[in-house]
Amino acid sequence: MDATDVDLEYGAAATPVDAAKPEHDYAQHFDADVVIPDRIARPAVASAHCFLALAVVSFVRGYEVLAAVALGLYGTSVNHWRRPRVTSWRHAADLLAVAATAAYGSYLATARARSPAWTAAWWASLAAVAAAFAYNETRYYREVRDRASSSFTRPGTAARDAAYRRATWTHVACVHGGAAALAFVFVLRGLDDPS
């Protein structure tokens with residue numbers, strides 16, 4: 001694309017792209033199957049490694065099933081975020097692993113918590129992570145997918161790139177970071193010793 005191209009879908013001049021600058025590679029903006037462009041999703045690949053650390057800590061503490069579930073989440077999350085696509089089997093596997101990890105963690109927090117206060121803290125914290133995820137997904141949908149939204153950003157623009165970056169970093173901090181921090185606190189402090 002160069003400065004003379006016309007964005008036929010929107011009927012306006014397209015944003016010029018400097019091909020020499022990889023941070024301005026907007027080609028994946030136009031692929032409806034792309035969740036987040038690969039170059040922008042890299043922080044999510046890196047942050048998914050916190051689930052590997054969770055698996056190791058869980059294993060060392062004696063929670064082998066949680067370690068196995070967290071290891072599965074690590075594998076699916078890294079695999080999904082290295083090339084995030086809507087219709088990919090990687091995306092479906094990651095969602096399944098998230099559900100399994102949340103379900104098993106909730107079982108442990110309910111059945112093995114040191115006190116009812118720890119159980120309440122788990123559910124409140126898990127609700128906060130879910131709310132952050134829902135907010136991020138809603139904002140992402142309005143900015144990237146919903147053309148009728150006043151927040152919609154045109155593909156091939158810096159504004160669309162910014163929307164992808166915001167969605168990625170919010171996911172990294174609130175979902176990967178928040179969920180991992182919650183799990184670490186429970187494995188290290190909130191659960192009875194396995195026996």
# chains A, B, ... in the order shown; residues from 1 in each chain; ligands from 1
>>> residues_around(residues="Cys174 (chain A)", least_positions_apart="6", cutoff="8 Å", atoms="only C-alpha atoms", output="ChimeraX atom specification")
/A:129,132-133
>>> residues_around(residues="Leu54 (chain A)", least_positions_apart="6", cutoff="9 Å", atoms="only C-alpha atoms", output="ChimeraX atom specification")
/A:66-67,70-71,180,183-184,187
>>> write_last_selection(atoms="N, CA, C and O atoms", output="PDB file, in the first residue's frame")
ATOM      1  N   LEU A  66      -2.967 -29.549  39.757  1.00  0.00           N
ATOM      2  CA  LEU A  66      -2.915 -28.139  39.386  1.00  0.00           C
ATOM      3  C   LEU A  66      -1.691 -27.873  38.507  1.00  0.00           C
ATOM      4  O   LEU A  66      -1.772 -27.114  37.540  1.00  0.00           O
ATOM      5  N   ALA A  67      -0.563 -28.508  38.821  1.00  0.00           N
ATOM      6  CA  ALA A  67       0.638 -28.345  38.005  1.00  0.00           C
ATOM      7  C   ALA A  67       0.372 -28.813  36.574  1.00  0.00           C
ATOM      8  O   ALA A  67       0.760 -28.138  35.611  1.00  0.00           O
ATOM      9  N   ALA A  70      -1.991 -26.290  34.870  1.00  0.00           N
ATOM     10  CA  ALA A  70      -1.267 -25.054  34.561  1.00  0.00           C
ATOM     11  C   ALA A  70      -0.274 -25.273  33.411  1.00  0.00           C
ATOM     12  O   ALA A  70      -0.086 -24.378  32.578  1.00  0.00           O
ATOM     13  N   LEU A  71       0.332 -26.428  33.353  1.00  0.00           N
ATOM     14  CA  LEU A  71       1.240 -26.743  32.251  1.00  0.00           C
ATOM     15  C   LEU A  71       0.472 -26.787  30.927  1.00  0.00           C
ATOM     16  O   LEU A  71       0.944 -26.282  29.903  1.00  0.00           O
ATOM     17  N   ALA A 180      -2.448 -15.189  37.177  1.00  0.00           N
ATOM     18  CA  ALA A 180      -1.248 -15.849  37.706  1.00  0.00           C
ATOM     19  C   ALA A 180      -0.961 -15.395  39.128  1.00  0.00           C
ATOM     20  O   ALA A 180      -0.631 -16.216  39.992  1.00  0.00           O
ATOM     21  N   ALA A 183      -3.368 -17.113  41.452  1.00  0.00           N
ATOM     22  CA  ALA A 183      -3.016 -18.527  41.625  1.00  0.00           C
ATOM     23  C   ALA A 183      -1.767 -18.698  42.491  1.00  0.00           C
ATOM     24  O   ALA A 183      -1.731 -19.564  43.374  1.00  0.00           O
ATOM     25  N   PHE A 184      -0.757 -17.861  42.276  1.00  0.00           N
ATOM     26  CA  PHE A 184       0.466 -17.948  43.089  1.00  0.00           C
ATOM     27  C   PHE A 184       0.167 -17.703  44.560  1.00  0.00           C
ATOM     28  O   PHE A 184       0.656 -18.426  45.431  1.00  0.00           O
ATOM     29  N   VAL A 187      -1.582 -20.836  45.935  1.00  0.00           N
ATOM     30  CA  VAL A 187      -0.709 -22.010  46.040  1.00  0.00           C
ATOM     31  C   VAL A 187       0.288 -21.829  47.183  1.00  0.00           C
ATOM     32  O   VAL A 187       0.576 -22.769  47.939  1.00  0.00           O
TER      33      VAL A 187
END
>>> residues_around(residues="region 188-195 of chain A", least_positions_apart="4", cutoff="8 Å", atoms="only C-alpha atoms", output="list in words")
Arg61, Gly62, Tyr63, Leu108, Ala109, Arg112, Ala113, Arg114, Trp118 and Phe184 of chain A
>>> select_by_dssp(residues="chain A", states="strand (DSSP E)", output="PyMOL selection string")
chain A and resi 6-7+12-13
>>> residues_around(residues="Val144 (chain A)", least_positions_apart="2", cutoff="9 Å", atoms="only C-alpha atoms", output="ChimeraX atom specification")
/A:139-142,146-147,151-155,160,163-164
>>> residues_around(residues="Asn79 (chain A)", least_positions_apart="6", cutoff="12 Å", atoms="only C-alpha atoms", output="number ranges by chain")
A: 38, 41-42, 44-46, 48-49, 72-73, 85, 88-95, 97
>>> atom_distance(atom1="CA of Trp122 (chain A)", atom2="CA of Phe186 (chain A)")
8.0 Å
>>> closest_residue(among="A:Leu182, A:Ala53, A:Ala158, A:Ile36", to="Val86 (chain A)", atoms="only C-alpha atoms")
A:Ile36
>>> closest_residue(among="A:Pro116, A:Pro84, A:Gly156, A:Gly75", to="Ala55 (chain A)", atoms="only C-alpha atoms")
A:Gly75
>>> select_by_dssp(residues="chain A", states="helix (DSSP H, G or I)", output="JSON, numbers by chain")
{"A": [22, 23, 24, 27, 28, 29, 30, 38, 39, 40, 41, 42, 43, 44, 45, 46, 47, 50, 51, 52, 53, 54, 55, 56, 57, 58, 59, 60, 61, 64, 65, 66, 67, 68, 69, 70, 71, 72, 73, 74, 75, 76, 77, 78, 79, 80, 81, 89, 90, 91, 92, 93, 94, 95, 96, 97, 98, 99, 100, 101, 102, 103, 104, 105, 106, 107, 108, 109, 110, 111, 116, 117, 118, 119, 120, 121, 122, 123, 124, 125, 126, 127, 128, 129, 130, 131, 132, 133, 134, 135, 136, 137, 138, 139, 140, 141, 142, 143, 144, 145, 158, 159, 160, 161, 162, 163, 164, 165, 166, 167, 168, 169, 170, 171, 172, 173, 174, 175, 176, 177, 178, 179, 180, 181, 182, 183, 184, 185, 186, 187, 188, 189, 190]}
